[in-house]
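See below for work.tsv, which holds TSV, C-alpha atoms and all ligand atoms.
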```
chain	number	residue	atom	x	y	z
K	1	MET	CA	19.49	-10.55	13.50
K	2	GLN	CA	19.82	-7.44	11.33
K	3	THR	CA	23.24	-6.25	10.24
K	4	LEU	CA	24.50	-2.78	11.15
K	5	ALA	CA	24.20	-1.72	7.51
K	6	GLU	CA	20.53	-2.74	7.47
K	7	LEU	CA	19.84	-0.84	10.66
K	8	ARG	CA	21.38	2.29	9.20
K	9	SER	CA	19.66	2.22	5.83
K	10	PRO	CA	15.92	1.67	6.09
K	11	LYS	CA	14.20	-0.25	3.34
K	12	LEU	CA	11.05	1.46	2.12
K	13	ILE	CA	8.19	-0.44	0.54
K	14	LEU	CA	5.26	1.07	-1.31
K	15	ALA	CA	2.06	-0.25	0.31
K	16	PRO	CA	-0.65	-1.96	-1.70
K	17	LEU	CA	-3.60	0.39	-2.24
K	18	LYS	CA	-6.19	-1.25	-4.46
K	19	GLY	CA	-7.42	1.22	-7.04
K	20	TYR	CA	-4.26	3.32	-6.71
K	21	THR	CA	-0.85	1.66	-6.60
K	22	ASP	CA	-1.24	-0.48	-9.71
K	23	GLU	CA	1.31	-0.94	-12.49
K	24	VAL	CA	0.54	2.45	-14.09
K	25	PHE	CA	1.01	4.29	-10.80
K	26	ARG	CA	4.11	2.36	-9.72
K	27	ASN	CA	5.89	3.02	-13.01
K	28	ALA	CA	4.91	6.69	-13.20
K	29	PHE	CA	5.96	7.13	-9.57
K	30	ALA	CA	9.34	5.51	-10.12
K	31	ARG	CA	9.99	7.66	-13.21
K	32	HIS	CA	9.64	10.84	-11.14
K	33	PHE	CA	10.50	10.02	-7.53
K	34	ASP	CA	13.13	8.10	-5.57
K	35	GLY	CA	13.23	6.27	-2.34
K	36	PHE	CA	11.20	3.10	-2.58
K	37	ASP	CA	13.12	-0.16	-2.68
K	38	SER	CA	10.16	-2.28	-3.68
K	39	ALA	CA	6.38	-2.39	-3.79
K	40	LEU	CA	3.78	-4.80	-2.55
K	41	ALA	CA	1.05	-4.97	-5.19
K	42	PRO	CA	-2.66	-4.66	-4.35
K	43	PHE	CA	-4.24	-8.03	-3.70
K	44	ILE	CA	-5.14	-10.52	-6.40
K	45	PRO	CA	-8.13	-12.66	-5.43
K	46	THR	CA	-7.84	-16.37	-6.08
K	47	VAL	CA	-10.22	-18.03	-8.52
K	48	LYS	CA	-12.05	-21.30	-8.14
K	49	ASP	CA	-12.13	-22.21	-11.83
K	50	LYS	CA	-9.11	-23.94	-13.34
K	51	ARG	CA	-7.86	-21.21	-15.64
K	52	ILE	CA	-6.32	-18.07	-14.16
K	53	ARG	CA	-7.00	-15.29	-16.66
K	54	PRO	CA	-3.65	-13.81	-17.80
K	55	ALA	CA	-5.14	-10.30	-17.37
K	56	LEU	CA	-5.31	-10.91	-13.62
K	57	LEU	CA	-1.54	-11.28	-13.42
K	58	ARG	CA	-0.36	-8.95	-16.16
K	59	GLY	CA	0.16	-5.92	-13.94
K	60	VAL	CA	2.61	-7.69	-11.64
K	61	GLN	CA	4.80	-9.27	-14.35
K	62	PRO	CA	8.39	-8.60	-13.31
K	63	GLU	CA	9.30	-7.26	-16.77
K	64	ARG	CA	6.55	-4.63	-16.47
K	65	ASN	CA	7.83	-3.56	-13.06
K	66	ARG	CA	11.54	-3.18	-13.64
K	67	ARG	CA	11.82	0.29	-12.13
K	68	LEU	CA	10.32	-0.81	-8.82
K	69	PRO	CA	10.44	-4.54	-8.08
K	70	VAL	CA	7.06	-5.82	-7.00
K	71	VAL	CA	5.89	-8.62	-4.73
K	72	PRO	CA	2.37	-9.88	-5.57
K	73	GLN	CA	-0.21	-10.22	-2.83
K	74	ILE	CA	-2.84	-12.96	-2.78
K	75	MET	CA	-6.21	-12.83	-1.03
K	76	SER	CA	-7.58	-16.26	-0.25
K	77	ASN	CA	-8.64	-18.68	2.45
K	78	SER	CA	-8.36	-21.74	0.22
K	79	PRO	CA	-4.96	-23.49	0.32
K	80	ASP	CA	-5.47	-25.13	-3.08
K	81	ASP	CA	-6.50	-21.90	-4.79
K	82	PHE	CA	-3.65	-20.05	-3.10
K	83	ILE	CA	-1.08	-22.60	-4.29
K	84	ARG	CA	-2.42	-22.46	-7.82
K	85	MET	CA	-2.19	-18.68	-7.88
K	86	ALA	CA	1.28	-18.70	-6.30
K	87	CYS	CA	2.52	-21.24	-8.88
K	88	ALA	CA	1.22	-19.04	-11.70
K	89	LEU	CA	3.09	-16.08	-10.20
K	90	VAL	CA	6.27	-18.10	-9.76
K	91	ALA	CA	5.99	-19.14	-13.42
K	92	GLN	CA	6.03	-15.41	-14.23
K	93	GLY	CA	9.33	-15.08	-12.39
K	94	HIS	CA	8.34	-14.15	-8.84
K	95	SER	CA	10.27	-15.55	-5.89
K	96	GLU	CA	7.94	-14.34	-3.14
K	97	VAL	CA	4.21	-13.92	-2.60
K	98	ASN	CA	2.40	-12.16	0.21
K	99	TRP	CA	-0.75	-13.36	1.97
K	100	ASN	CA	-3.35	-10.71	2.79
K	101	LEU	CA	-4.52	-11.14	6.39
K	102	GLY	CA	-5.51	-7.53	6.88
K	103	CYS	CA	-8.25	-6.44	4.47
K	104	PRO	CA	-10.86	-4.74	6.68
K	105	PHE	CA	-13.85	-4.59	4.33
K	106	PRO	CA	-16.85	-6.44	5.80
K	107	ILE	CA	-17.67	-8.02	2.45
K	108	VAL	CA	-14.23	-9.69	2.53
K	109	ALA	CA	-13.92	-10.29	6.28
K	110	LYS	CA	-17.35	-11.92	6.55
K	111	LYS	CA	-16.13	-14.58	4.13
K	112	SER	CA	-13.22	-15.33	6.49
K	113	LYS	CA	-10.68	-13.66	4.25
K	114	GLY	CA	-8.27	-10.80	5.00
K	115	SER	CA	-8.74	-9.57	8.57
K	116	GLY	CA	-11.71	-11.97	8.86
K	117	LEU	CA	-9.22	-14.78	9.49
K	118	LEU	CA	-7.48	-13.06	12.41
K	119	PRO	CA	-9.98	-14.30	15.06
K	120	GLN	CA	-9.40	-17.85	13.75
K	121	PRO	CA	-5.75	-18.74	14.40
K	122	ASP	CA	-6.53	-22.47	14.06
K	123	ARG	CA	-7.75	-21.84	10.54
K	124	ILE	CA	-4.56	-19.86	9.81
K	125	ASP	CA	-2.59	-22.89	11.09
K	126	THR	CA	-4.49	-25.30	8.89
K	127	PHE	CA	-4.04	-23.02	5.88
K	128	LEU	CA	-0.29	-22.70	6.39
K	129	ASP	CA	0.10	-26.43	7.14
K	130	GLN	CA	-1.26	-27.13	3.71
K	131	VAL	CA	0.32	-24.25	1.82
K	132	VAL	CA	3.87	-23.97	3.13
K	133	PRO	CA	5.16	-27.46	2.16
K	134	ARG	CA	3.82	-27.03	-1.40
K	135	LEU	CA	4.79	-23.42	-1.99
K	136	PRO	CA	7.56	-22.99	-4.58
K	137	CYS	CA	8.62	-19.56	-3.28
K	138	ARG	CA	9.03	-17.40	-0.16
K	139	LEU	CA	5.95	-16.31	1.73
K	140	SER	CA	5.35	-13.08	3.66
K	141	VAL	CA	2.19	-11.99	5.45
K	142	LYS	CA	0.49	-8.61	5.92
K	143	VAL	CA	-1.66	-8.36	9.03
K	144	ARG	CA	-3.70	-6.02	11.20
K	145	LEU	CA	-3.97	-6.38	14.98
K	146	GLY	CA	-7.24	-8.25	14.72
K	147	ARG	CA	-10.68	-8.16	13.21
K	148	LYS	CA	-12.53	-6.64	16.19
K	149	LYS	CA	-10.12	-7.13	19.09
K	150	PRO	CA	-6.57	-5.77	18.95
K	151	ASP	CA	-5.17	-8.68	20.98
K	152	GLU	CA	-6.06	-11.28	18.37
K	153	ILE	CA	-2.68	-10.70	16.79
K	154	TYR	CA	-0.80	-12.37	19.65
K	155	LYS	CA	-2.28	-15.84	18.99
K	156	VAL	CA	-1.84	-15.27	15.26
K	157	LEU	CA	1.85	-14.50	15.75
K	158	GLU	CA	2.25	-17.71	17.77
K	159	SER	CA	0.85	-19.60	14.79
K	160	LEU	CA	3.01	-17.70	12.29
K	161	ASN	CA	6.12	-18.43	14.37
K	162	ALA	CA	5.80	-22.10	13.45
K	163	TYR	CA	6.34	-21.48	9.72
K	164	PRO	CA	9.23	-20.19	7.64
K	165	LEU	CA	8.06	-16.73	6.62
K	166	SER	CA	10.24	-14.04	5.10
K	167	GLU	CA	8.46	-11.10	6.74
K	168	ILE	CA	5.38	-10.01	8.66
K	169	ILE	CA	4.08	-6.56	7.85
K	170	VAL	CA	1.98	-5.19	10.69
K	171	HIS	CA	-0.53	-2.37	10.28
K	172	PRO	CA	-1.39	-1.78	13.94
K	173	ARG	CA	-5.13	-1.17	13.70
K	174	THR	CA	-8.06	-3.57	13.88
K	175	GLY	CA	-10.20	-4.35	10.86
K	176	ILE	CA	-13.29	-2.62	12.22
K	177	GLN	CA	-11.25	0.50	12.86
K	178	MET	CA	-10.62	0.74	9.11
K	179	TYR	CA	-8.36	3.82	9.13
K	180	SER	CA	-9.75	5.74	12.11
K	181	GLY	CA	-7.91	6.32	15.37
K	182	ARG	CA	-4.15	6.18	15.74
K	183	PRO	CA	-1.97	3.16	15.03
K	184	ASP	CA	-1.51	1.22	18.30
K	185	LEU	CA	2.23	1.53	18.81
K	186	ASP	CA	2.30	-0.28	22.16
K	187	ARG	CA	0.76	-3.38	20.63
K	188	PHE	CA	3.10	-3.06	17.65
K	189	GLU	CA	6.01	-3.10	20.11
K	190	ARG	CA	4.64	-6.29	21.64
K	191	CYS	CA	4.47	-7.83	18.15
K	192	LEU	CA	8.18	-7.13	17.75
K	193	ASP	CA	8.85	-9.07	20.95
K	194	LEU	CA	6.59	-11.98	20.06
K	195	SER	CA	7.48	-12.59	16.44
K	196	ARG	CA	10.47	-14.68	15.47
K	197	HIS	CA	10.20	-13.30	11.93
K	198	PRO	CA	11.37	-9.88	10.73
K	199	VAL	CA	8.53	-7.44	11.38
K	200	SER	CA	7.91	-4.41	9.16
K	201	TYR	CA	5.93	-1.39	10.27
K	202	ASN	CA	3.06	0.11	8.26
K	203	GLY	CA	0.67	2.94	9.09
K	204	ASP	CA	0.38	6.72	9.04
K	205	ILE	CA	3.90	7.62	7.94
K	206	ASN	CA	3.00	10.86	6.20
K	207	CYS	CA	6.03	13.07	6.75
K	208	PHE	CA	9.68	12.85	7.72
K	209	GLY	CA	8.85	13.65	11.38
K	210	ASP	CA	6.48	10.66	11.54
K	211	PHE	CA	9.24	8.41	10.22
K	212	GLN	CA	11.83	9.84	12.62
K	213	ASN	CA	9.57	9.32	15.65
K	214	LEU	CA	8.81	5.73	14.69
K	215	SER	CA	12.35	4.79	13.77
K	216	LYS	CA	13.63	6.26	17.05
K	217	ARG	CA	11.15	4.17	19.01
K	218	PHE	CA	11.47	0.94	16.99
K	219	GLN	CA	15.18	0.73	16.39
K	220	SER	CA	15.14	-2.94	15.40
K	221	VAL	CA	12.75	-2.28	12.51
K	222	THR	CA	14.52	-1.99	9.17
K	223	ARG	CA	11.62	-2.19	6.74
K	224	TRP	CA	8.89	0.45	6.56
K	225	MET	CA	5.83	0.39	4.37
K	226	ILE	CA	4.26	3.64	3.21
K	227	GLY	CA	0.94	3.95	1.41
K	228	ARG	CA	-1.25	7.02	1.62
K	229	GLY	CA	1.74	9.10	2.77
K	230	ALA	CA	3.32	8.57	-0.65
K	231	LEU	CA	0.13	9.50	-2.49
K	232	ILE	CA	-0.09	12.71	-0.50
K	233	ASN	CA	3.60	13.46	-0.59
K	234	PRO	CA	5.48	11.49	-3.26
K	235	TYR	CA	8.74	13.14	-2.16
K	236	LEU	CA	8.57	11.41	1.21
K	237	PRO	CA	10.51	8.19	0.43
K	238	GLY	CA	13.34	10.26	-1.11
K	239	VAL	CA	13.34	12.64	1.86
K	240	ILE	CA	13.66	9.68	4.24
K	241	LYS	CA	16.52	8.27	2.17
K	242	GLY	CA	18.19	11.67	2.00
K	243	THR	CA	18.14	11.81	-1.81
K	244	GLU	CA	15.71	14.71	-2.13
K	245	ASN	CA	16.81	18.30	-2.21
K	246	PRO	CA	14.40	20.17	0.11
K	247	ALA	CA	14.89	23.34	-1.94
K	248	ASP	CA	13.53	21.76	-5.15
K	249	ASP	CA	10.41	23.14	-6.77
K	250	LYS	CA	8.03	20.43	-5.60
K	251	VAL	CA	4.93	21.58	-7.44
K	252	HIS	CA	6.66	21.68	-10.81
K	253	ARG	CA	7.92	18.08	-10.56
K	254	PHE	CA	4.60	16.92	-9.17
K	255	ILE	CA	2.80	18.32	-12.22
K	256	GLY	CA	5.14	16.33	-14.50
K	257	PHE	CA	4.32	13.21	-12.51
K	258	TYR	CA	0.59	13.96	-12.60
K	259	TYR	CA	0.46	14.23	-16.41
K	260	ASP	CA	2.55	11.08	-16.80
K	261	LEU	CA	0.09	9.25	-14.53
K	262	TYR	CA	-2.91	10.71	-16.35
K	263	ARG	CA	-1.59	9.68	-19.76
K	264	GLY	CA	-0.92	6.20	-18.41
K	265	TYR	CA	-4.54	5.80	-17.34
K	266	GLN	CA	-5.82	7.38	-20.56
K	267	GLU	CA	-4.06	4.61	-22.44
K	268	ARG	CA	-4.97	1.84	-20.03
K	269	LEU	CA	-8.53	2.45	-18.91
K	270	SER	CA	-11.48	1.90	-21.21
K	271	GLY	CA	-13.67	4.96	-21.48
K	272	PRO	CA	-13.77	8.43	-19.95
K	273	GLY	CA	-16.01	7.34	-17.04
K	274	HIS	CA	-13.39	4.94	-15.69
K	275	LEU	CA	-10.66	7.51	-16.21
K	276	LEU	CA	-12.62	10.21	-14.39
K	277	ASN	CA	-13.38	7.92	-11.45
K	278	ARG	CA	-9.80	6.81	-11.14
K	279	MET	CA	-8.52	10.38	-11.11
K	280	LYS	CA	-11.17	11.49	-8.60
K	281	GLY	CA	-9.75	8.89	-6.23
K	282	PHE	CA	-6.23	10.26	-6.58
K	283	TRP	CA	-7.31	13.84	-5.99
K	284	THR	CA	-8.61	12.91	-2.56
K	285	TYR	CA	-4.96	12.49	-1.64
K	286	PHE	CA	-3.26	14.97	-4.00
K	287	ALA	CA	-5.47	17.69	-2.50
K	288	LEU	CA	-3.66	17.57	0.83
K	289	THR	CA	-0.27	18.92	-0.23
K	290	LEU	CA	-1.34	21.54	-2.74
K	291	GLU	CA	-2.60	24.81	-1.34
K	292	GLY	CA	-6.27	25.20	-2.24
K	293	GLY	CA	-6.32	21.51	-3.14
K	294	LYS	CA	-9.30	20.58	-1.01
K	295	LYS	CA	-11.56	23.08	-2.75
K	296	VAL	CA	-10.38	21.84	-6.13
K	297	ALA	CA	-10.87	18.20	-5.08
K	298	LYS	CA	-14.49	19.00	-4.24
K	299	GLN	CA	-14.98	20.57	-7.70
K	300	ILE	CA	-13.33	17.53	-9.26
K	301	HIS	CA	-15.62	15.19	-7.35
K	302	ARG	CA	-18.63	17.05	-8.68
K	303	SER	CA	-17.41	16.97	-12.29
K	304	LYS	CA	-19.24	14.57	-14.58
K	305	ARG	CA	-17.29	14.96	-17.82
K	306	ILE	CA	-13.64	14.31	-18.46
K	307	HIS	CA	-13.20	17.61	-20.35
K	308	ARG	CA	-14.54	19.55	-17.40
K	309	TYR	CA	-12.18	17.61	-15.14
K	310	GLU	CA	-9.20	18.41	-17.39
K	311	THR	CA	-10.09	22.11	-17.35
K	312	ILE	CA	-10.36	22.21	-13.55
K	313	VAL	CA	-6.96	20.55	-13.18
K	314	SER	CA	-5.16	22.69	-15.76
K	315	GLU	CA	-6.59	25.92	-14.32
K	316	PHE	CA	-5.54	24.83	-10.85
K	317	PHE	CA	-1.99	24.07	-11.93
K	318	SER	CA	-1.82	27.37	-13.84
K	319	SER	CA	-2.66	29.19	-10.60
K	320	GLU	CA	0.74	27.93	-9.29
K	321	PRO	CA	-0.46	26.49	-5.97
K	322	ARG	CA	2.07	26.32	-3.14
K	323	TRP	CA	3.31	22.97	-1.83
K	324	VAL	CA	2.17	22.36	1.76
K	325	GLU	CA	4.06	19.78	3.81
K	326	PRO	CA	1.85	17.33	5.74
K	327	GLU	CA	1.81	17.88	9.50
K	328	GLU	CA	3.47	15.45	11.87
K	329	GLY	CA	1.02	13.02	13.49
K	330	MET	CA	-1.68	13.79	10.94
K	331	SER	CA	-4.44	11.21	10.51
K	332	VAL	CA	-5.22	11.10	6.79
K	333	ASP	CA	-8.74	9.89	7.44
K	334	GLU	CA	-9.54	12.98	9.47
K	335	VAL	CA	-8.35	15.51	6.89
K	336	LEU	CA	-9.58	14.05	3.60
K	337	PRO	CA	-11.70	16.47	1.56
R	1	LIG	C1	-7.82	2.52	-0.85
R	1	LIG	C2	-7.00	1.50	-0.11
R	1	LIG	C3	-6.75	0.27	-0.69
R	1	LIG	C4	-5.98	-0.70	-0.01
R	1	LIG	N1	-5.71	-1.90	-0.63
R	1	LIG	C5	-4.95	-2.83	0.03
R	1	LIG	C6	-4.60	-4.08	-0.57
R	1	LIG	O1	-4.94	-4.38	-1.72
R	1	LIG	N2	-3.85	-4.96	0.18
R	1	LIG	C7	-3.43	-4.67	1.45
R	1	LIG	O2	-2.76	-5.48	2.08
R	1	LIG	N3	-3.73	-3.47	2.02
R	1	LIG	C8	-4.45	-2.56	1.35
R	1	LIG	N4	-4.70	-1.35	1.94
R	1	LIG	C9	-4.07	-1.03	3.22
R	1	LIG	C10	-2.71	-0.32	2.98
R	1	LIG	O3	-1.79	-1.18	2.34
R	1	LIG	C11	-2.07	0.15	4.31
R	1	LIG	O4	-1.98	-0.96	5.16
R	1	LIG	C12	-2.88	1.24	4.99
R	1	LIG	O5	-3.27	2.23	4.05
R	1	LIG	C13	-2.09	1.90	6.12
R	1	LIG	O6	-0.87	2.39	5.67
R	1	LIG	P1	-0.65	3.95	5.25
R	1	LIG	O7	-1.08	4.77	6.46
R	1	LIG	O8	0.82	4.05	4.97
R	1	LIG	O9	-1.53	4.21	4.08
R	1	LIG	C14	-5.48	-0.41	1.29
R	1	LIG	C15	-5.74	0.85	1.85
R	1	LIG	C16	-6.49	1.80	1.19
R	1	LIG	C17	-6.73	3.14	1.84
```

Any chance you could give the structure as structure tokens?
Ligand SMILES: Cc1cc2nc3c(=O)[nH]c(=O)nc-3n(C[C@H](O)[C@H](O)[C@H](O)COP(=O)(O)O)c2cc1C
Amino acid sequence: MQTLAELRSPKLILAPLKGYTDEVFRNAFARHFDGFDSALAPFIPTVKDKRIRPALLRGVQPERNRRLPVVPQIMSNSPDDFIRMACALVAQGHSEVNWNLGCPFPIVAKKSKGSGLLPQPDRIDTFLDQVVPRLPCRLSVKVRLGRKKPDEIYKVLESLNAYPLSEIIVHPRTGIQMYSGRPDLDRFERCLDLSRHPVSYNGDINCFGDFQNLSKRFQSVTRWMIGRGALINPYLPGVIKGTENPADDKVHRFIGFYYDLYRGYQERLSGPGHLLNRMKGFWTYFALTLEGGKKVAKQIHRSKRIHRYETIVSEFFSSEPRWVEPEEGMSVDEVLP
């Protein structure tokens, strides 16, 4: 049962977006914007060999994520490998890990990982039977409604009800949907009824109106996860929390954030090719809230050299583009450049 205080102050969690919301992004974001209470890190795959390379875990070390506390996410269907990875994370100082039961990519799902496990509730049972008694920390789960069928979630929730989980984060789409169509809010509502665990909502919160509509409908939900909406509009978590001044010059602060992020990747990534690719990914989303952004994102996607890329971006910022708020009910997938 949630307390009144919890109901009144939503907790906001930055969603895991592999290739985007890594340590560099999370820290740059938290230096410039408010509103998130914590982040779920993009998934770490388990490894069969004995040694877990320290590089695999470096980005989620608590001391490197002080501004925005992070919960690591593990992708695995092997109880032994999962436990080994979780123990390594606990040794780093983590007190919770998250299990990825939602990844939609066929290459993952076909190996019965991520959303590929959702049609197999017995296998989920067996996994948790072996993992939960040996796990030295809390466990949360991030799920979709199913792999192909949106009702698969109901059997999965029955299984999950038998274990002590700290939270179930539901992204109400199927795996094969990827990000098309609208989140299925009726089935999400049913999940709230069926789960004995706290359920968090995730999907298509891109502006304050989206959040208001969802929080009005799902009044028992206290934890909300936002992914692409925060890439498009990094002010959103602060707006939801009421800490943002709507009159602020949004473009100016965004540019400060952008260069902080860019410098972070310049230092971290090896070689201009990696840097260019990483930034191209971000511009797919940045394009949506800057007037003229889509045209610039297309130029950026065509650019082959980092210097050319830098020129395109600096000329665009010098043109003082206007900030454009995302529309309520927007489907990001449908409007990407
Ligand atoms: C590029 C990309 C990478 C993602 N990586 C992960 C991941 O590592 N782990 C995970 O659980 N979900 C991942 N997701 C799913 C998001 O966490 C989230 O569930 C989804 O984007 C819907 O929420 P949103 O509409 O707020 O973005 C990814 C999504 C995208 C678009």

Write out as a count of residues only each polymer residue whose atoms come within 6 Å of stretch 234-240 of chain K, counting all atoms listed in the file; drop sequence neighbours fewer than 6 positions from it. 3

Listing only residues of chain K within 6 Å of ligand LIG 1 (chain R), what is the closest atom pair and its distance in Å (to one decimal) for each, using only C-alpha atoms and all ligand atoms, sorted by chain and residue number ascending, as CSV?
```
residue,atom,partner,partner_atom,distance
K:Ala15,CA,R:LIG1,O3,4.5
K:Pro16,CA,R:LIG1,O3,4.3
K:Leu17,CA,R:LIG1,C4,3.4
K:Lys18,CA,R:LIG1,N1,3.9
K:Pro42,CA,R:LIG1,O1,3.5
K:Phe43,CA,R:LIG1,O1,4.2
K:Asn100,CA,R:LIG1,O2,5.3
K:Gly102,CA,R:LIG1,O2,5.9
K:Cys103,CA,R:LIG1,N3,5.9
K:Lys142,CA,R:LIG1,O2,5.9
K:His171,CA,R:LIG1,O4,5.5
K:Asn202,CA,R:LIG1,O6,5.2
K:Gly203,CA,R:LIG1,O7,3.7
K:Asp204,CA,R:LIG1,O7,3.5
K:Ile205,CA,R:LIG1,O8,5.6
K:Ile226,CA,R:LIG1,O8,3.9
K:Gly227,CA,R:LIG1,O8,3.6
K:Arg228,CA,R:LIG1,O9,3.7
K:Gly229,CA,R:LIG1,O8,5.6
```

Figure out the distance between atom CA of K:Pro72 and atom CA of K:Ala41, please, to one decimal in Å. 5.1 Å

Just checking: using only C-alpha atoms, which residue out of K:Asp125, K:Glu96, K:Asp49, K:Glu291 ends up closest to K:Asn77?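 Among the listed residues, the smallest separation from K:Asn77 belongs to K:Asp125.
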
With distances taken over all atoms listed in the file, which of K:Ile169, K:Tyr259, K:Gly242, K:Glu158 is nearest to K:Arg196? K:Glu158

Using all atoms listed in the file for the distances, tell me which of K:Met225, K:Val71, K:Ile255, K:Val335 is nearest to K:Gly93. K:Val71

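We find atom CA of K:Leu185 and atom CA of K:Val156 to be spaced 17.6 Å apart.
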
Kindly compute an axis-aligned box around the listed atoms of stretch 144-149 of chain K, allowing 5 Å on each side, and express its centre and edge lengths in Å to one decimal as JSON.
```
{"center_x": -8.1, "center_y": -7.1, "center_z": 15.1, "size_x": 18.8, "size_y": 12.2, "size_z": 17.9}
```

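Reported to one decimal place, the separation of atom CA of K:Gln92 from atom CA of K:Pro62 is 7.3 Å.
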
Taking 2 positions as the minimum chain separation for residues in the same chain, which residues sit within 12 Å of K:Val221 when counting only C-alpha atoms? Answer as a ChimeraX atom specification. /K:1-4,6-12,167-170,188-189,191-193,197-202,211,214-219,223-225

Shortest contact to K:Trp99, candidates K:Leu128, K:Ala28, K:Ile176, K:Ile52, atoms counted all atoms listed in the file, goes to K:Leu128

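Using only C-alpha atoms, the nearest neighbour of K:Ala88 within the list K:Ala109, K:Ala287, K:Leu56, K:Met75 is K:Leu56.
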
So, with all atoms listed in the file as the atoms that count, which of K:Ala230, K:Ile107, K:Ala297, K:Val97 lies closest to K:Ile13?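 Selected residue with least distance to K:Ile13: K:Ala230.
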
Hey, what's within 9 Å of K:Pro321 if we count all atoms listed in the file and toss same-chain stuff fewer than 5 positions away? As a CSV table (one decimal) with C-alpha atoms, in the coordinates of the input, please?
```
chain,number,residue,atom,x,y,z
K,251,VAL,CA,4.9,21.6,-7.4
K,290,LEU,CA,-1.3,21.5,-2.7
K,291,GLU,CA,-2.6,24.8,-1.3
K,292,GLY,CA,-6.3,25.2,-2.2
K,293,GLY,CA,-6.3,21.5,-3.1
K,316,PHE,CA,-5.5,24.8,-10.8
```

Skip K:Pro133 itself and residues of its chain fewer than 6 positions away, then list as a ChimeraX atom specification all residues within 12 Å of it, counting all atoms listed in the file. /K:79,83,126-127,139,163-165
